[in-house]
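For reference, structure_17.txt is printed below; it contains compact mmCIF, C-alpha atoms and all ligand atoms.
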# COMPACT_ATOMS: atom_id res chain seq x y z
CA MET A 1 34.97 9.60 -24.88
CA ASP A 2 33.99 11.00 -21.47
CA ASN A 3 33.41 8.58 -18.61
CA PRO A 4 29.76 7.50 -18.35
CA PRO A 5 27.85 9.29 -15.57
CA ARG A 6 28.37 7.78 -12.12
CA VAL A 7 25.54 5.51 -11.03
CA THR A 8 24.63 5.92 -7.38
CA ASP A 9 23.44 2.91 -5.33
CA PRO A 10 23.22 0.48 -8.29
CA LEU A 11 20.23 -1.89 -7.90
CA GLY A 12 19.07 0.34 -5.04
CA TRP A 13 16.28 2.87 -4.86
CA GLY A 14 18.07 5.81 -6.46
CA TYR A 15 17.32 7.75 -3.28
CA SER A 16 19.98 10.44 -3.70
CA LEU A 17 19.70 13.77 -5.46
CA ALA A 18 23.17 12.92 -6.76
CA ASN A 19 21.18 11.16 -9.50
CA VAL A 20 20.18 14.56 -10.91
CA ILE A 21 23.51 16.30 -10.26
CA GLU A 22 23.95 17.56 -13.83
CA LEU A 23 20.65 19.44 -13.69
CA LEU A 24 21.06 20.55 -10.10
CA SER A 25 24.59 21.90 -10.67
CA ALA A 26 23.51 23.71 -13.86
CA CYS A 27 20.94 25.55 -11.70
CA LEU A 28 23.58 26.33 -9.06
CA GLU A 29 25.82 27.79 -11.76
CA ALA A 30 23.02 29.90 -13.24
CA VAL A 31 22.49 31.79 -9.98
CA PRO A 32 25.61 31.86 -9.58
CA THR A 33 25.94 30.21 -6.18
CA ARG A 34 28.67 31.12 -3.74
CA ARG A 35 27.06 29.41 -0.73
CA VAL A 36 24.82 26.37 -0.93
CA LEU A 37 22.94 24.76 1.95
CA GLU A 38 21.67 21.17 1.89
CA VAL A 39 18.94 20.22 4.38
CA GLY A 40 19.01 16.45 4.97
CA SER A 41 22.45 15.03 4.18
CA TYR A 42 22.13 11.33 5.08
CA GLU A 43 25.42 9.64 4.10
CA GLY A 44 26.59 12.60 2.07
CA GLU A 45 26.10 11.22 -1.46
CA LEU A 46 24.90 14.56 -2.77
CA THR A 47 27.12 16.47 -0.32
CA ARG A 48 30.21 14.92 -1.96
CA ASP A 49 29.04 16.05 -5.38
CA LEU A 50 28.26 19.52 -4.01
CA LEU A 51 31.78 19.74 -2.57
CA ALA A 52 33.29 18.76 -5.91
CA TRP A 53 31.10 21.35 -7.62
CA ALA A 54 32.02 23.99 -5.01
CA ASP A 55 35.75 23.28 -5.48
CA ALA A 56 35.42 24.05 -9.17
CA ASN A 57 33.19 27.08 -8.66
CA ASP A 58 34.77 28.91 -5.73
CA ALA A 59 31.79 28.15 -3.50
CA SER A 60 31.18 26.71 -0.04
CA VAL A 61 28.83 23.99 1.22
CA ALA A 62 26.89 23.63 4.47
CA THR A 63 24.75 20.60 5.22
CA VAL A 64 22.14 19.94 7.90
CA ASP A 65 21.16 16.65 9.50
CA PRO A 66 19.87 16.02 13.04
CA LEU A 67 21.22 12.44 12.92
CA PRO A 68 24.42 12.44 10.85
CA PRO A 69 25.41 8.87 9.93
CA LYS A 70 28.99 7.61 10.27
CA ARG A 71 29.77 8.08 6.57
CA LEU A 72 28.78 11.73 6.74
CA LEU A 73 31.02 12.27 9.79
CA GLU A 74 33.87 10.63 7.85
CA LEU A 75 33.25 13.09 5.02
CA VAL A 76 33.41 15.99 7.50
CA ALA A 77 36.74 14.64 8.80
CA GLU A 78 38.01 14.43 5.20
CA ARG A 79 36.69 17.89 4.31
CA PRO A 80 36.95 20.25 7.29
CA ASP A 81 35.65 23.06 5.05
CA LEU A 82 32.25 21.30 4.97
CA ASP A 83 30.02 22.99 7.52
CA LEU A 84 27.86 20.31 9.18
CA ILE A 85 24.96 21.64 11.24
CA GLU A 86 23.64 18.85 13.47
CA ASP A 87 20.09 20.07 13.84
CA THR A 88 16.73 20.07 12.10
CA GLY A 89 16.30 22.10 8.93
CA MET A 90 13.86 24.46 10.63
CA ALA A 91 16.25 25.22 13.50
CA ALA A 92 19.25 25.53 11.17
CA LEU A 93 17.45 27.96 8.84
CA ALA A 94 16.27 30.06 11.79
CA GLY A 95 19.86 30.25 13.09
CA LEU A 96 21.55 31.39 9.85
CA ASP A 97 23.18 34.86 9.78
CA GLU A 98 22.17 35.29 6.16
CA LEU A 99 20.46 33.17 3.54
CA PRO A 100 22.69 31.18 1.19
CA ASP A 101 22.34 31.74 -2.57
CA SER A 102 20.85 28.26 -3.08
CA ILE A 103 19.10 25.88 -0.70
CA ILE A 104 18.39 22.19 -1.32
CA ILE A 105 15.70 20.68 0.92
CA ASP A 106 15.66 16.91 1.32
CA GLY A 107 14.99 16.37 5.05
CA ASP A 108 11.79 15.13 6.67
CA HIS A 109 9.27 14.70 3.87
CA ASN A 110 6.06 16.00 5.34
CA TYR A 111 3.83 19.02 4.91
CA PHE A 112 4.37 20.52 8.36
CA THR A 113 8.18 20.29 8.31
CA LEU A 114 8.61 21.50 4.73
CA THR A 115 6.17 24.37 5.22
CA GLY A 116 8.04 25.38 8.39
CA GLU A 117 11.35 25.35 6.50
CA LEU A 118 9.87 27.39 3.63
CA GLU A 119 8.30 29.92 5.99
CA ALA A 120 11.65 30.27 7.80
CA ILE A 121 13.27 31.09 4.44
CA ALA A 122 10.44 33.51 3.56
CA GLY A 123 10.86 35.27 6.90
CA ARG A 124 14.60 35.71 6.27
CA ALA A 125 14.12 36.82 2.65
CA GLY A 126 11.70 39.60 3.61
CA ASP A 127 11.10 41.80 0.55
CA GLU A 128 14.19 40.54 -1.28
CA PRO A 129 14.00 37.84 -3.97
CA PHE A 130 14.15 34.31 -2.62
CA PRO A 131 17.32 32.24 -3.01
CA LEU A 132 17.15 29.41 -5.53
CA LEU A 133 15.22 26.59 -3.82
CA MET A 134 15.52 22.93 -4.84
CA PHE A 135 13.72 19.95 -3.37
CA HIS A 136 13.70 16.21 -3.49
CA ASP A 137 10.70 13.87 -3.30
CA ALA A 138 8.12 15.96 -5.10
CA GLY A 139 7.02 12.74 -6.83
CA TRP A 140 5.57 9.43 -5.67
CA PRO A 141 5.45 8.34 -2.84
CA HIS A 142 5.93 11.68 -1.05
CA ALA A 143 4.13 14.06 -3.44
CA ARG A 144 0.71 13.66 -1.81
CA ARG A 145 1.59 11.64 1.27
CA ASP A 146 3.53 12.68 4.36
CA THR A 147 6.22 10.46 5.77
CA TYR A 148 7.94 11.17 9.05
CA TYR A 149 11.44 10.41 10.33
CA ALA A 150 10.39 11.61 13.76
CA PRO A 151 6.59 12.03 14.12
CA ASP A 152 7.00 13.44 17.62
CA ARG A 153 8.68 16.54 16.11
CA VAL A 154 5.35 17.34 14.45
CA PRO A 155 2.43 18.49 16.66
CA GLU A 156 -0.27 15.84 16.64
CA ASP A 157 -2.91 18.20 15.26
CA GLN A 158 -0.59 19.07 12.33
CA ARG A 159 0.12 15.46 11.48
CA GLN A 160 -1.75 13.05 9.24
CA PRO A 161 -3.18 9.94 10.91
CA LEU A 162 -0.14 7.66 11.13
CA ALA A 163 0.58 4.18 9.82
CA HIS A 164 3.61 2.37 11.29
CA ASN A 165 5.95 -0.01 9.41
CA VAL A 166 3.85 -0.25 6.28
CA GLY A 167 4.35 -0.64 2.55
CA LEU A 168 3.40 1.98 -0.05
CA VAL A 169 2.25 0.91 -3.51
CA PRO A 170 1.78 3.27 -6.49
CA GLY A 171 -1.90 3.84 -7.24
CA GLU A 172 -3.03 2.60 -3.81
CA PRO A 173 -4.03 5.47 -1.49
CA GLY A 174 -4.04 3.25 1.61
CA VAL A 175 -1.11 1.29 3.03
CA SER A 176 -0.20 -2.36 2.71
CA GLU A 177 0.93 -4.78 5.42
CA THR A 178 2.49 -7.14 2.90
CA ARG A 179 3.61 -5.23 -0.20
CA GLY A 180 5.22 -1.98 -1.31
CA LEU A 181 8.19 0.20 -0.42
CA PRO A 182 8.62 0.10 3.34
CA TYR A 183 8.22 3.19 5.53
CA GLU A 184 8.46 3.36 9.29
CA TRP A 185 6.01 6.25 9.63
CA ALA A 186 3.69 7.35 6.83
CA ALA A 187 0.33 9.04 6.51
CA ALA A 188 -2.27 6.27 6.51
CA THR A 189 -3.90 7.79 3.42
CA GLU A 190 -2.49 9.51 0.35
CA GLY A 191 -4.04 12.80 -0.80
CA GLY A 192 -6.18 15.52 0.73
CA ALA A 193 -5.23 18.84 2.29
CA LYS A 194 -1.84 19.44 3.94
CA ASN A 195 -0.48 16.07 2.90
CA GLY A 196 2.83 15.59 1.10
CA VAL A 197 5.80 17.44 -0.34
CA LEU A 198 4.27 18.64 -3.61
CA THR A 199 1.16 19.85 -1.78
CA ALA A 200 3.40 21.91 0.55
CA LEU A 201 5.29 23.43 -2.42
CA GLU A 202 2.07 24.29 -4.29
CA ASP A 203 0.49 25.84 -1.19
CA PHE A 204 3.65 27.84 -0.48
CA ILE A 205 3.81 29.45 -3.93
CA ALA A 206 0.03 29.92 -4.16
CA GLY A 207 0.04 33.39 -2.56
CA ARG A 208 3.41 34.39 -4.00
CA PRO A 209 3.05 35.15 -7.73
CA ASP A 210 6.78 35.84 -8.20
CA LEU A 211 7.63 32.25 -7.30
CA LYS A 212 7.57 29.61 -10.06
CA LEU A 213 7.63 25.87 -9.52
CA ALA A 214 9.08 23.28 -11.91
CA VAL A 215 8.93 19.55 -11.17
CA VAL A 216 11.21 17.06 -12.91
CA PRO A 217 9.53 13.65 -12.59
CA ALA A 218 12.69 11.58 -12.16
CA PHE A 219 14.21 9.74 -9.18
CA PHE A 220 11.21 10.43 -6.91
CA GLY A 221 10.81 13.98 -8.20
CA PHE A 222 13.24 16.91 -8.27
CA ALA A 223 11.55 20.29 -7.81
CA VAL A 224 12.86 23.81 -8.31
CA ILE A 225 11.33 27.06 -7.06
CA TYR A 226 12.76 30.21 -8.59
CA ASP A 227 11.85 33.82 -7.96
CA GLU A 228 11.08 35.76 -11.14
CA ARG A 229 12.41 38.94 -9.49
CA ALA A 230 15.91 37.39 -9.29
CA PRO A 231 18.38 38.39 -12.06
CA TRP A 232 19.12 34.72 -12.76
CA ALA A 233 15.45 33.62 -13.03
CA ASP A 234 15.37 33.38 -16.86
CA LYS A 235 18.48 31.20 -16.92
CA VAL A 236 17.05 28.76 -14.37
CA ALA A 237 13.70 28.73 -16.18
CA ALA A 238 15.45 27.82 -19.45
CA ILE A 239 17.45 25.02 -17.77
CA VAL A 240 14.47 23.31 -16.16
CA ALA A 241 11.84 23.92 -18.88
CA PRO A 242 12.65 20.88 -21.08
CA TRP A 243 12.39 18.55 -18.05
CA ASP A 244 9.47 20.15 -16.23
CA ASP A 245 6.46 17.80 -16.12
CA SER A 246 7.91 15.83 -19.06
CA PRO A 247 5.46 13.06 -20.05
CA ILE A 248 8.36 10.82 -21.09
CA LEU A 249 10.03 11.22 -17.70
CA HIS A 250 6.67 10.61 -15.99
CA ARG A 251 6.41 7.30 -17.87
CA LEU A 252 10.00 6.32 -17.09
CA GLU A 253 9.61 7.13 -13.40
CA SER A 254 6.33 5.31 -13.13
CA ASN A 255 7.92 2.27 -14.77
CA ARG A 256 10.93 2.56 -12.44
CA VAL A 257 8.91 2.71 -9.22
CA ASP A 258 6.69 -0.18 -10.33
CA HIS A 259 9.83 -2.29 -10.79
CA LEU A 260 11.25 -1.11 -7.45
CA VAL A 261 8.08 -2.18 -5.66
CA ARG A 262 8.02 -5.51 -7.49
CA ASN A 263 11.72 -6.21 -6.83
CA HIS A 264 11.28 -5.30 -3.20
CA GLY A 265 8.44 -7.84 -2.94
CA LEU A 266 10.53 -10.52 -4.67
CA ALA A 267 13.53 -9.83 -2.41
CA GLN A 268 11.24 -10.23 0.60
CA GLU A 269 9.86 -13.53 -0.73
CA VAL A 270 13.40 -14.81 -1.36
CA HIS A 271 14.35 -13.86 2.19
CA GLU A 272 11.33 -15.69 3.66
CA LEU A 273 12.08 -18.77 1.55
CA ARG A 274 15.73 -18.68 2.69
CA VAL A 275 14.61 -18.65 6.34
CA LYS A 276 12.36 -21.65 5.68
CA VAL A 277 15.08 -23.55 3.79
CA ASN A 278 17.56 -22.89 6.64
CA GLU A 279 15.09 -24.44 9.11
CA GLN A 280 14.58 -27.47 6.85
CA GLU A 281 18.35 -27.90 6.43
CA ALA A 282 18.86 -27.77 10.18
CA LEU A 283 16.21 -30.47 10.66
CA LEU A 284 17.78 -32.72 7.99
CA ASN A 285 21.25 -32.23 9.53
CA ASP A 286 19.85 -33.26 12.92
CA MET A 287 18.38 -36.39 11.28
CA LEU A 288 21.76 -37.22 9.70
CA GLU A 289 23.42 -37.06 13.11
CA SER A 290 20.63 -38.98 14.88
CA SER A 291 21.26 -42.60 15.98
CA ALA A 292 17.46 -43.14 16.22
CA PHE A 293 17.17 -42.17 12.54
CA ALA A 294 20.06 -44.56 11.63
CA MET A 295 18.19 -47.34 13.43
CA ALA A 296 14.92 -46.49 11.66
CA GLU A 297 16.77 -46.53 8.34
CA ARG A 298 18.09 -50.08 9.07
CA VAL A 299 14.59 -51.27 9.99
CA SER A 300 13.17 -49.72 6.82
CA LYS A 301 15.93 -51.39 4.77
CA LEU A 302 15.08 -54.83 6.23
CA ARG A 303 11.36 -54.34 5.57
CA GLN A 304 11.84 -53.01 2.05
CA ARG A 305 14.51 -55.65 1.31
CA GLY A 306 16.71 -53.14 -0.49
CA GLU A 307 16.85 -49.34 -0.78
CA PRO A 308 14.87 -47.88 2.20
CA ILE A 309 12.21 -45.26 1.53
CA PHE A 310 14.33 -42.82 3.54
CA SER A 311 18.09 -42.89 4.02
CA ARG A 312 21.02 -40.80 5.24
CA ARG A 313 22.52 -41.10 1.75
CA ARG A 314 19.38 -39.51 0.26
CA ILE A 315 19.43 -36.75 2.89
CA SER A 316 23.13 -36.08 2.15
CA GLU A 317 22.28 -35.80 -1.55
CA VAL A 318 19.45 -33.36 -0.85
CA LEU A 319 21.74 -31.32 1.40
CA ASP A 320 24.34 -31.43 -1.38
CA LYS A 321 26.95 -32.82 1.01
C1 LIG B 1 16.66 11.29 1.94
S1 LIG B 1 17.91 11.59 3.09
C2 LIG B 1 18.90 12.82 2.32
C3 LIG B 1 19.65 12.35 1.09
C4 LIG B 1 20.65 13.33 0.54
N1 LIG B 1 20.13 14.68 0.45
C5 LIG B 1 21.08 12.90 -0.84
O1 LIG B 1 20.49 13.39 -1.83
O2 LIG B 1 22.01 12.06 -0.95
C6 LIG B 1 17.07 12.49 4.34
C7 LIG B 1 17.91 12.88 5.55
O3 LIG B 1 17.18 13.90 6.24
C8 LIG B 1 17.45 13.80 7.61
N2 LIG B 1 16.37 14.48 8.34
C9 LIG B 1 15.29 13.93 8.96
N3 LIG B 1 14.55 14.90 9.53
C10 LIG B 1 15.16 16.07 9.25
C11 LIG B 1 14.88 17.44 9.57
N4 LIG B 1 13.80 17.77 10.29
N5 LIG B 1 15.74 18.38 9.14
C12 LIG B 1 16.83 18.03 8.41
N6 LIG B 1 17.14 16.77 8.07
C13 LIG B 1 16.32 15.81 8.49
C14 LIG B 1 17.52 12.31 7.86
O4 LIG B 1 18.28 12.06 9.04
C15 LIG B 1 18.18 11.80 6.57
O5 LIG B 1 19.56 11.62 6.77
Transcribe the structure of this file into structure tokens.
Amino acid sequence: MDNPPRVTDPLGWGYSLANVIELLSACLEAVPTRRVLEVGSYEGELTRDLLAWADANDASVATVDPLPPKRLLELVAERPDLDLIEDTGMAALAGLDELPDSIIIDGDHNYFTLTGELEAIAGRAGDEPFPLLMFHDAGWPHARRDTYYAPDRVPEDQRQPLAHNVGLVPGEPGVSETRGLPYEWAAATEGGAKNGVLTALEDFIAGRPDLKLAVVPAFFGFAVIYDERAPWADKVAAIVAPWDDSPILHRLESNRVDHLVRNHGLAQEVHELRVKVNEQEALLNDMLESSAFAMAERVSKLRQRGEPIFSRRRISEVLDK
């Protein structure tokens, strides 16, 4: 039997597109892709899978991140053939000599940035068919709500009103101070014009009838835009059709994010309780060491004529010493 599929960040959020690698690589093969560009690499989870795919398919990989973490730099050291562009997606796309066959966009998840990246690709494509475009975070929480890694890279009049260090909860268009998946910078309200990843994708294809959008509602939403003028369009359409807008996947994903939010809340509660217990333990340890407490215990023992109402033995038991 084949090995079971690799599980990325077990018990984590399932943040990486590596979670949909089978589907993503089938699309890459359909094109077929000789050069693939990833915008937004983070620690290189997907990049590693892309490199493995490229090795087997005589292709090359470039990846873009303005803030490459240590693990990504280690991957670059391991794989000198990986082209790391330390810049924003918009700048990297504008600086390319020619468009790659396939582009995966998973950088800053807001309307302004994604639209800028898409327009840069459109400008380069001119009258030719677009490359295959794939995206992450076309589902909750980013579908209809901007988030920002660096809000100052987005002009203030192109930005949603911001909320800082807040929680996002499915079905709640506002933000929470106490619950939800945490985001440093998010639009204060979900929905409305020019807000979110899916809104940007829909607006981009709206005036371009050759472009088709499919959204796979799994792992925060995997989206594909393919150009019907491209010779590979039918193959990509056939690959994504069974997954596109699948009601079963919608249900699974909604169940998954509800559990993520709940687990995140529980983990936070456990953390707060741990802090409190640590304080209580420190106080009890101080009492155990205290000569004043020892004296009080002796006085209590005399008054009670037997086991005192408080004792160092009892404290040691509670502390499990
Ligand atoms: C969600 S992570 C990418 C995960 C990765 N693609 C995967 O599937 O494993 C998003 C990354 O985008 C980067 N990023 C933020 N703003 C960006 C921008 N304007 N252009 C490109 N990348 C950006 C962040 O530094 C972060 O590492």
- Query: Counting all atoms listed in the file, which protein, DNA or RNA residues come within 6 Å of ligand LIG 1 (chain B), given as JSON, numbers by chain?
  - Reply: {"A": [16, 17, 18, 39, 40, 41, 42, 44, 45, 46, 64, 65, 66, 67, 88, 89, 106, 107, 108, 149]}
- Task: Could you check how far CA of Leu273 (chain A) sits from CA of Val318 (chain A), in Å to one decimal?
- Result: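 CA of Leu273 (chain A) sits 16.5 Å away from CA of Val318 (chain A).
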- Query: Could you state the separation of CA of Gly14 (chain A) and CA of Leu260 (chain A) in Å, given to one decimal place?
  - Reply: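 Going from CA of Gly14 (chain A) over to CA of Leu260 (chain A), I get 9.8 Å.
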- Task: Could you tell me which of A:Ala233, A:Val61, A:Leu37, A:Met295 comes closest to Asp210 (chain A) if we count only C-alpha atoms?
- Result: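 Among the listed residues, the smallest separation from Asp210 (chain A) belongs to A:Ala233.
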- For CA of Glu22 (chain A) and CA of Leu82 (chain A), quote the distance in Å rounded to one decimal.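 The value is 20.9 Å.
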Enclose region 80-91 of chain A, meaning all of its atoms listed in the file, in a box aligned along x, y and z, pad it by 8 Å on each side, and list the centre and edge lengths in Å to one decimal, as lines of an AutoDock Vina configuration file.
center_x = 25.4
center_y = 22.0
center_z = 9.4
size_x = 39.1
size_y = 22.4
size_z = 24.9
Rows by chain and residue number, region 230-275 of chain A within 9 Å of region 160-177 of chain A, shortest pair, all atoms listed in the file, as a Markdown table:
| residue | atom | partner | partner_atom | distance |
| --- | --- | --- | --- | --- |
| A:Ser254 | CA | A:Pro170 | CA | 8.3 |
| A:Val257 | CA | A:Pro170 | CA | 7.7 |
| A:Asp258 | CA | A:Pro170 | CA | 7.1 |
| A:Val261 | CA | A:Val169 | CA | 6.9 |
